[in-house]
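In what follows, a single structure is set out as structure tokens and then discussed.
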Amino acid sequence: MQTDHAASQLTVRHAVPGDLSALVALSQKTFTDKFGHLYHPEDLASFLEDSHGTAAYAAWLTDPRNLIRVAETETGALAAYLLCSPLSLPAENAQPGALELKRLYVDTLLQGRGLGSRFVDEALSWARGQRAPEIYLSVYSENEGAQRLYARYGWEKVGDFIFPVGRHEDLEYLLRLTL
């Protein structure tokens with residue numbers, strides 16, 4: 001179990017190939033903790049393997065167009081991560097060079113300590129450094145906490161789409177921030 005002292009001793013750094021297994025485990029854990037209750041177990045398992053599995057993260061880690069940042073505890077455990085990439089969301093009329101804040105997850109024990117805001121700041125700094133005209137993200141329609149975080153930064157809803165996980169379909173909001 002994570003102690004408050006250990007949780008306060010975090011190192012935020014770029015992910016490296018040696019983080020692959022820990023990053024996959026954290027990705028699957030944080031997604032399941034937040035959304036696992038919505039899905040049939042077999043649908044969740046298939047989705048995690050396809051979208052949060054080793055192959056996906058190995059590809060993202062080796063693609064220099066991506067930004068992957070991790071927060072590591074003093075024991076070396078990964079506790080949060082940020083993934084930004086070229087735009088892959090269904091954004092109509094996106095400007096050339098638009099980017100995406102693809103994933104931002106913080107382990108339950110560390111939520112509420114400013115890591116989400118820190119990672120949003122890093123994503124925006126990275127996107128501006130890439131001279132992106134805008135950055136997009138998607139957020140689950142019922143994830144009000146994340147929506148409040150993004151609203152504080154000025155992200156605006158520009159659409160919505162269906163996000164399927166097996167037999168279940170979720171409504172996702174598409175948000176954009178002009179840089």
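Letters for chains follow the order of the structure tokens (A, B, ...), residue numbers begin at 1 for each chain, and ligand numbers begin at 1 in the order shown.
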Legend entry - Non-local contacts of Pro41 in chain A (12 Å; only C-alpha atoms; under 5 positions in same chain excluded) as number ranges by chain: A: 32, 35-36, 46-48, 165-168
Inset, instruction - Write out as a PyMOL selection string which residues come within 6 Å of range 134-151 of chain A when counting only C-alpha atoms, dropping same-chain ones fewer than 2 positions away. - result: chain A and resi 98-101+132+153-155+171-179
Inset, instruction - Within 6 Å of range 107-112 of chain A, counting only C-alpha atoms, which residues show up once you throw out same-chain ones fewer than 4 positions away? Write them as an MDAnalysis selection string, please. - result: chainID A and resid 30 79:80
Legend entry - alpha helix (DSSP H) residues, from DSSP on the backbone, in range 18-146 of chain A, as a PyMOL selection string: chain A and resi 20-35+41-51+54-62+115-129+144-146
Inset, instruction - Give me the residues within 8 Å of Val70 in chain A as a PyMOL selection string, counting only C-alpha atoms and dropping any in the same chain fewer than 6 places off. - result: chain A and resi 12-15+78-82
Legend entry - Pick from A:Leu104, A:Ala56, A:Val158, A:Cys84, whichever lies nearest to Ser125 in chain A using only C-alpha atoms: A:Cys84
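Remark: for Gln9 in chain A, the closest of the candidate residues A:Ala71, A:Ile162, A:Leu44, A:Leu61 is A:Ala71 (distances computed over only C-alpha atoms).
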Mind the document's chain letters and residue numbers, and return as a PDB file with C-alpha atoms, in the first residue's frame the residues of range 7-71 of chain A that DSSP labels strand (DSSP E).
ATOM      1  CA  THR A  11       9.733  11.887  -9.830  1.00  0.00           C
ATOM      2  CA  VAL A  12       8.132  12.978 -13.094  1.00  0.00           C
ATOM      3  CA  ARG A  13      10.159  11.967 -16.128  1.00  0.00           C
ATOM      4  CA  HIS A  14      10.004  10.806 -19.728  1.00  0.00           C
ATOM      5  CA  LEU A  67       5.173  12.387 -25.564  1.00  0.00           C
ATOM      6  CA  ILE A  68       4.962   9.904 -22.711  1.00  0.00           C
ATOM      7  CA  ARG A  69       5.609  11.157 -19.190  1.00  0.00           C
ATOM      8  CA  VAL A  70       5.386   9.092 -16.025  1.00  0.00           C
ATOM      9  CA  ALA A  71       5.288   9.825 -12.321  1.00  0.00           C
TER      10      ALA A  71
END
Legend entry - Residue nearest Glu74 in chain A - candidates A:Phe31, A:Pro164, A:Leu10, A:Ala25, atoms counted: only C-alpha atoms: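 That would be A:Leu10, the residue with the smallest distance to Glu74 in chain A.
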